[in-house]
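To keep things clear, I will list the structure first and then write my remarks on it.
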Amino acid sequence: MLQKTYRLKRRQDFRRVYQRGKSTANRAFVLCWRPNRNGVPRVGFSVSKKIGKAVERNRVRRKLREACRLEFGFFAPGYDYVLIARQGAREADVIGLRKKIRDALRQLALAPRRPAGVMAAQPARAAEPAGEKEQG
RNA sequence: UUAGUAAGCCGGAUGAACGCGGAGGGAUGUCCCAAAAGGCUCUCUCUGAGGAAAGUCCGGGCUUCGCAGGGCAAGGGUGCCGGCUAACGACCGGUGAGAGUGAUCUCAAGGAAAGUGCACAGAAAUAAACCGCCCAAGUACCCGCUGGGUACCGGCAAGGAUGUAACGGUGCGGUAAGAGCGUACCAGCGGCAGGGUAACCUGUCGGCUAAGUAAACCCCACCCGAAGCAAGGCUAAAGAAAACGUAUGAGGCUGCCCGUCUCGUUUUCGGAAACAGCCGCAGGAGGCAGCUGGCGACAGUUGUCCCAGAUAGAUGUUCAUCCAAGACAGAACCCGGCUUAUAGACUUGCUAAGCUC
RNA sequence: GGCACGUUGGAGAAGGGGCUUAACUCACCAGCCUUUCACGCUGGCAUUCACGGGUUCGAAUCCCGUACGUGUCA
């Protein structure tokens with residue numbers, strides 16, 4: 001379900017997330033996040049030339065996107081996310097990436113400085129059908 | 001059979017589920033006051049990376065520089081001959097040189113008698129005497145006087161030493177000593193004859209000589225305007241004031257001359273903007289198959305096919321089966337080459353050695 | 001995606017066929033000087049010029065290829 005509506009595209013949007021957003025990191029990627037005004041989650045991917053040549057970068061980006069597609073129910077609406085790939089993403093498989101994305105999103109949800117309005121959005125997302133599929 | 005060599009060809013396969021880009025169609029869906037168009041959503045069908053898509057090393061199409069002009073100069077490139085091609089530095093066929101037993105492979109392979117440069121060493125680097133060899137001829141002197149010796153004037157370029165390179169090499173003759181001085185072979189140069197479109201090859205005669213380096217400058221022949229799809233075009237938008245210069249001026253066309261075109265430059269204020277959409281953009285020097293011509297590169301012709309077109313940039317995930325267990329690697333305007341990376345699989349021709357008939 | 005350029009001790013750099021044993025500055029190390037530190041002086045820094053071929057008598061330098069890096073263009 002990762003259609004163009006839910007993708008982050010403009011350079012300006014990326015910069016806003018980098019400069020004013022919060023972040024968490026693991027071996028495979030850095031996840032940045034910041035509220036937006038659209039009311040839907042949007043995700044962008046950044047895979048630099050440090051990761052490898054064109055074929056390797058494409059593979060990493062596809063794995064990240066596939067993992068996000070399958071875990072899309074965990075992304076809070078009204079937020080922009082940027083996933084920056086790191087060296088560890090080359091060896092990671094999609095199952096591992098899904099787990100890491102879930103962990104990272106959970107960590108962001110428990111961040112102490114989160115505004116109260118976003119806490120309210122969290123249970124509403126759990127009712128989404130995609131989220132239930134993950135339970136099974 | 002083993003080893004090798006050359007050319008060509010393939011680059012995991014099949015099925016299922018969930019997803020993504022593009023094209024076309026559909027919907028009683030939705031955005032909009034309504035309709036159309038368009039967007040979004042759902043759905044159906046078709047389709048979706050490479051032999052190198054890579055490096056950007058050459059060539060061309062295309063676009064802009066107003067049109068794309070002339071001469072001279074500079075700069076860059078190519079360099080045996082003949083073809084092929086839209087073009088090329090690619091490719092094909094030959095010549096020469098080199099490597100290999102051979103099939104075969106490699107070569108930027110024009111000109112060094114147009115001129116310049118070439119460290120160190122060495123006597124000397126288009127130039128001749130340092131060491132050395134010789135006293136046959138000439139002059140003078142001496143002696144034991146048909147002769148011998150010494151000196152001078154000379155002769156020589158064989159040997160030594162240096163060097164990448166020393167004025168053809170080796171053998172024999174010849175000579176006072178020597179020398180292409182003569183001769184045999186080899187190498188080089190020139191003439192003539194024959195063959196070949198040509199590079200060149202073969203034969204013969206001649207006199208006997210002329211280092212190497214041009215991926216050093218250079219000379220000769222031929223070629224080249226520059227930039228690049230982030231080219232460029234369209235859609236929307238706003239200019240105003242002041243100062244300077246006013247045609248013997250400024251700017252554009254790489255330099256100069258001719259030719260030709262345009263009218264400017266700076267500052268301040270303000271607007272717009274660093275954000276968009278569409279076209280360019282995929283039917284092409286196209287692919288495949290057959291036939292004809294050619295040794296071949298290739299050309300002609302007939303039939304047939306339409307085969308990615310994104311713009312934060314589409315091929316992934318899960319499962320099953322098979323085998324040799326999957327290498328290098330991802331289109332971004334498009335073609336022709338070259339170069340580099342590459343697990344392996346297959347086909348055909350040829351060569352060498354061994355064995356069998 | 002295109003275009004232009006670079007690579008020389010630890011760092012910055014000169015040298016563009018032979019005179020170079022590859023200059024110079026800084027850093028670092030050792031010694032001298034000083035009661036000590038700094039300054040100064042002397043010597044060193046195990047490199048062969050990113051890598052692989054070629055041209056040449058001779059290559060860091062010229063030519064070809066490869067690798068890595070930098071700048072720039074809407």
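Convention: chains lettered A, B, ... in structure tokens order; per-chain residue numbering from 1; ligands numbered from 1 as shown.
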Write out as a VMD selection string the residues lying within 10 Å of A299 (chain B), counting only C-alpha atoms (C1' of nucleotides) and excluding same-chain residues fewer than 2 positions away. chain B and resid 84 293 to 294
Same residues, C-alpha atoms (C1' of nucleotides), output as a CSV table (one decimal), in the first residue's frame:
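For reference, result34.csv as written:
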chain,number,residue,atom,x,y,z
B,84,C,C1',33.2,-0.9,-46.0
B,293,G,C1',25.8,-10.2,-54.7
B,294,G,C1',30.6,-10.1,-52.2
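Residues of chain B having any atom within 9 Å of chain A, counting only C-alpha atoms (C1' of nucleotides), are G19, C20, A312, G316, U317, A329 and G330 of chain B.
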For C-alpha atoms (C1' of nucleotides), I'd like the residues from the last selection saved as a PDB file, in the first residue's frame.
ATOM      1  C1'   G B  19       2.926  -5.426  -4.275  1.00  0.00           C
ATOM      2  C1'   C B  20       5.337  -1.393  -8.039  1.00  0.00           C
ATOM      3  C1'   A B 312      12.865  10.904  -4.725  1.00  0.00           C
ATOM      4  C1'   G B 316      10.666  -6.786  -4.816  1.00  0.00           C
ATOM      5  C1'   U B 317       8.863 -10.238  -0.731  1.00  0.00           C
ATOM      6  C1'   A B 329      26.059  -5.858 -12.710  1.00  0.00           C
ATOM      7  C1'   G B 330      20.415  -1.442 -13.120  1.00  0.00           C
TER       8        G B 330
END
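Contact shell of C3 (chain C) at 9 Å (only C-alpha atoms (C1' of nucleotides); same-chain neighbours under 2 positions omitted): G228 of chain B; U72 and C73 of chain C.
All residues in region 46-82 of chain A with a DSSP state of alpha helix (DSSP H), computed from the backbone, read Ala54, Val55, Glu56, Arg57, Asn58, Arg59, Val60, Arg61, Arg62, Lys63, Leu64, Arg65, Glu66, Ala67, Cys68, Arg69 and Leu70 of chain A.
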Selection near Arg27 (chain A), 12 Å with only C-alpha atoms (C1' of nucleotides), sequence-local residues under 6 positions removed, as a ChimeraX atom specification: /A:84-92,96-97,100-101,104
Find the residues around A216 (chain B) up to 10 Å (only C-alpha atoms (C1' of nucleotides) counted), leave out those fewer than 6 positions away in its own chain, and share them as a VMD selection string. (chain B and resid 117 to 118) or (chain C and resid 17 62)
Residue neighbourhood region 198-213 of chain B, 9 Å, only C-alpha atoms (C1' of nucleotides), exclusion window fewer than 4 positions, as a list in words: C80, C81, G82, G94, U95, G96, A112, A113, C118, U164, A165, A166, C167, G168, G180, G188, C189, G190, G191, C192, A193 and G194 of chain B; U56 of chain C
Selection above as a file: N, CA and C atoms (P, O5', C5', C4', C3', O3' and C1' of nucleotides), as a short mmCIF file (atom, residue, chain, number, x, y, z; two decimals), in the first residue's frame:
data_model
loop_
_atom_site.label_atom_id
_atom_site.label_comp_id
_atom_site.auth_asym_id
_atom_site.auth_seq_id
_atom_site.Cartn_x
_atom_site.Cartn_y
_atom_site.Cartn_z
P C B 80 48.72 3.88 -41.51
"O5'" C B 80 49.46 3.69 -42.88
"C5'" C B 80 50.82 4.10 -43.09
"C4'" C B 80 51.38 3.31 -44.25
"C3'" C B 80 50.33 2.99 -45.31
"O3'" C B 80 50.28 4.02 -46.28
"C1'" C B 80 51.39 0.98 -44.62
P C B 81 48.87 4.57 -46.80
"O5'" C B 81 48.39 3.41 -47.77
"C5'" C B 81 49.15 3.09 -48.92
"C4'" C B 81 48.58 1.86 -49.61
"C3'" C B 81 47.08 1.93 -49.87
"O3'" C B 81 46.77 2.68 -51.03
"C1'" C B 81 47.64 -0.18 -48.94
P G B 82 45.37 3.48 -51.10
"O5'" G B 82 44.31 2.30 -51.29
"C5'" G B 82 44.32 1.52 -52.47
"C4'" G B 82 43.38 0.35 -52.35
"C3'" G B 82 41.94 0.70 -52.01
"O3'" G B 82 41.22 1.16 -53.13
"C1'" G B 82 42.65 -1.14 -50.68
P G B 94 43.19 -12.03 -46.16
"O5'" G B 94 44.16 -10.90 -46.70
"C5'" G B 94 45.16 -11.21 -47.66
"C4'" G B 94 45.67 -9.96 -48.34
"C3'" G B 94 47.11 -9.59 -48.01
"O3'" G B 94 48.05 -10.39 -48.71
"C1'" G B 94 45.77 -7.66 -47.93
P U B 95 49.37 -10.90 -47.92
"O5'" U B 95 50.25 -9.59 -47.86
"C5'" U B 95 50.68 -8.96 -49.05
"C4'" U B 95 51.45 -7.69 -48.76
"C3'" U B 95 52.58 -7.83 -47.77
"O3'" U B 95 53.75 -8.42 -48.34
"C1'" U B 95 51.35 -5.89 -47.27
P G B 96 54.66 -9.42 -47.47
"O5'" G B 96 55.37 -8.45 -46.43
"C5'" G B 96 56.34 -7.49 -46.88
"C4'" G B 96 56.67 -6.51 -45.78
"C3'" G B 96 57.20 -7.12 -44.49
"O3'" G B 96 58.58 -7.45 -44.58
"C1'" G B 96 55.55 -5.52 -43.98
P A B 112 63.18 8.90 -44.18
"O5'" A B 112 63.74 9.92 -43.12
"C5'" A B 112 64.08 11.25 -43.51
"C4'" A B 112 65.17 11.79 -42.62
"C3'" A B 112 66.44 10.96 -42.57
"O3'" A B 112 67.56 11.81 -42.58
"C1'" A B 112 65.60 11.25 -40.38
P A B 113 68.80 11.48 -43.60
"O5'" A B 113 68.50 12.43 -44.83
"C5'" A B 113 68.88 13.79 -44.79
"C4'" A B 113 68.99 14.33 -46.19
"C3'" A B 113 67.67 14.32 -46.95
"O3'" A B 113 67.00 15.54 -46.71
"C1'" A B 113 69.44 13.41 -48.27
P C B 118 71.96 19.59 -27.95
"O5'" C B 118 71.58 18.12 -27.49
"C5'" C B 118 70.86 17.91 -26.27
"C4'" C B 118 70.41 16.46 -26.16
"C3'" C B 118 71.52 15.43 -26.32
"O3'" C B 118 72.24 15.24 -25.11
"C1'" C B 118 69.64 14.80 -27.61
P U B 164 74.82 3.23 -22.98
"O5'" U B 164 74.29 2.89 -24.43
"C5'" U B 164 73.53 1.72 -24.65
"C4'" U B 164 72.85 1.78 -26.00
"C3'" U B 164 73.76 2.02 -27.19
"O3'" U B 164 74.36 0.82 -27.64
"C1'" U B 164 71.83 3.39 -27.36
P A B 165 75.89 0.85 -28.21
"O5'" A B 165 75.74 1.73 -29.52
"C5'" A B 165 75.07 1.21 -30.67
"C4'" A B 165 74.89 2.30 -31.71
"C3'" A B 165 76.18 2.92 -32.22
"O3'" A B 165 76.65 2.18 -33.34
"C1'" A B 165 74.66 4.63 -31.59
P A B 166 78.20 1.65 -33.37
"O5'" A B 166 78.99 2.98 -33.73
"C5'" A B 166 78.65 3.70 -34.92
"C4'" A B 166 79.84 4.49 -35.42
"C3'" A B 166 81.11 3.67 -35.64
"O3'" A B 166 81.76 4.14 -36.80
"C1'" A B 166 81.53 5.44 -34.13
P C B 167 82.53 3.09 -37.73
"O5'" C B 167 82.09 3.53 -39.20
"C5'" C B 167 80.88 3.02 -39.74
"C4'" C B 167 80.47 3.83 -40.94
"C3'" C B 167 81.61 4.21 -41.88
"O3'" C B 167 81.19 4.13 -43.24
"C1'" C B 167 80.54 6.15 -41.08
P G B 168 81.78 3.05 -44.19
"O5'" G B 168 80.64 1.95 -44.11
"C5'" G B 168 80.98 0.61 -43.83
"C4'" G B 168 79.86 -0.06 -43.10
"C3'" G B 168 80.13 -1.51 -42.73
"O3'" G B 168 80.80 -1.61 -41.49
"C1'" G B 168 78.08 -1.36 -43.87
P G B 180 87.05 -2.35 -46.15
"O5'" G B 180 86.64 -2.28 -47.68
"C5'" G B 180 85.81 -1.25 -48.14
"C4'" G B 180 85.92 -1.09 -49.64
"C3'" G B 180 85.01 0.00 -50.19
"O3'" G B 180 85.60 0.57 -51.36
"C1'" G B 180 84.40 -2.09 -51.10
P G B 188 67.68 -4.95 -46.54
"O5'" G B 188 68.37 -3.54 -46.78
"C5'" G B 188 68.33 -2.52 -45.78
"C4'" G B 188 69.19 -1.34 -46.15
"C3'" G B 188 68.85 -0.67 -47.46
"O3'" G B 188 67.76 0.23 -47.34
"C1'" G B 188 71.17 -1.03 -47.36
P C B 189 66.77 0.46 -48.56
"O5'" C B 189 67.63 1.37 -49.55
"C5'" C B 189 68.04 2.67 -49.17
"C4'" C B 189 68.93 3.29 -50.22
"C3'" C B 189 68.37 3.32 -51.63
"O3'" C B 189 67.42 4.35 -51.81
"C1'" C B 189 70.61 2.59 -51.70
P G B 190 66.18 4.13 -52.77
"O5'" G B 190 66.83 4.21 -54.22
"C5'" G B 190 67.32 5.46 -54.72
"C4'" G B 190 68.11 5.26 -55.99
"C3'" G B 190 67.38 4.61 -57.14
"O3'" G B 190 66.53 5.50 -57.83
"C1'" G B 190 69.51 3.60 -56.91
P G B 191 65.26 4.94 -58.59
"O5'" G B 191 65.90 4.26 -59.88
"C5'" G B 191 66.50 5.07 -60.90
"C4'" G B 191 67.16 4.21 -61.95
"C3'" G B 191 66.24 3.28 -62.71
"O3'" G B 191 65.51 3.94 -63.73
"C1'" G B 191 68.21 2.11 -62.10
P C B 192 64.02 3.51 -64.05
"O5'" C B 192 64.23 2.11 -64.77
"C5'" C B 192 64.88 2.05 -66.04
"C4'" C B 192 65.17 0.61 -66.42
"C3'" C B 192 63.97 -0.31 -66.51
"O3'" C B 192 63.25 -0.16 -67.71
"C1'" C B 192 65.71 -1.39 -65.32
P A B 193 61.66 -0.43 -67.70
"O5'" A B 193 61.59 -2.02 -67.58
"C5'" A B 193 62.03 -2.85 -68.66
"C4'" A B 193 61.94 -4.32 -68.29
"C3'" A B 193 60.59 -4.79 -67.77
"O3'" A B 193 59.66 -5.01 -68.81
"C1'" A B 193 62.28 -5.64 -66.37
P G B 194 58.10 -4.77 -68.54
"O5'" G B 194 57.69 -6.00 -67.62
"C5'" G B 194 57.74 -7.33 -68.14
"C4'" G B 194 57.51 -8.35 -67.05
"C3'" G B 194 56.24 -8.18 -66.23
"O3'" G B 194 55.08 -8.66 -66.92
"C1'" G B 194 58.06 -8.62 -64.79
P U C 56 60.85 2.45 -29.50
"O5'" U C 56 61.82 3.43 -28.70
"C5'" U C 56 62.04 4.75 -29.19
"C4'" U C 56 62.73 5.59 -28.14
"C3'" U C 56 64.01 5.00 -27.57
"O3'" U C 56 65.10 5.17 -28.44
"C1'" U C 56 62.66 5.87 -25.82
#
What's around C88 (chain B) at 9 Å? Count only C-alpha atoms (C1' of nucleotides), leave out sequence neighbours fewer than 2 positions away in its own chain, and write the answer as a VMD selection string. chain B and resid 58 to 60 85 90 336 to 337
Write out as an NGL selection string all residues of region 6-132 of chain A that backbone DSSP assigns to strand (DSSP E). :A and (22-25 or 29-35 or 42-46 or 79-85)
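Pairwise distance (C1' of A187 (chain B), C1' of U175 (chain B)) equals 27.2 Å.
Rounded to one decimal, C1' of A352 (chain B) and C1' of U106 (chain B) lie 21.4 Å from each other.
Here CA of Asp80 (chain A) and CA of Arg20 (chain A) stand 11.3 Å from one another.
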